[in-house]
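Please read the structure below before turning to the comments.
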Amino acid sequence: MSRTIAAFALAMLSGMASVGALADGLARADLKPFNVTIRVFDPTKGIGSGQDYVLPVDSPDAEHAIASTTANAASFTTKTSGGKAIPVAFTCVKVEPR
């Protein structure tokens with residue numbers, strides 16, 4: 001039993017070291033400043049029915065800036081009102097360096 005616990009502990013420590021090295025590598029990644037413009041809109045009314053938001057994002061590249069901004073918008077936008085679902089969609093309309 002103690003060999004199993006020792007093996008598990010060793011595996012956990014080596015895994016933690018790998019995660020630490022990965023985090024160090026990510027922390028050293030050069031982040032570039034972008035302005036990402038997303039549109040939040042009612043898909044039943046079309047893309048013109050929406051409102052644009054320009055968000056400053058520091059990301060390794062434009063694709064990551066778009067993906068993370070869109071995901072964050074989806075997470076923080078109200079999708080219900082009075083217990084009823086609100087139709088909502090998101091799209092990126094522009095990304096540019098700051």
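By order of appearance in the structure tokens: chains A, B, ..., then residues from 1 within every chain, and ligands from 1 in the order shown.
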Write out as an MDAnalysis selection string the residues lying within 6 Å of region 48-53 of chain A, counting only C-alpha atoms and excluding same-chain residues fewer than 3 positions away. chainID A and resid 37:41 45
Test item: residues at most 10 Å from region 85-98 of chain A, only C-alpha atoms, excluding those fewer than 5 positions along its chain, as a VMD selection string: chain A and resid 32 to 47 50 to 58 61 to 63 65 to 67 69 to 71 73 to 74 77 to 80
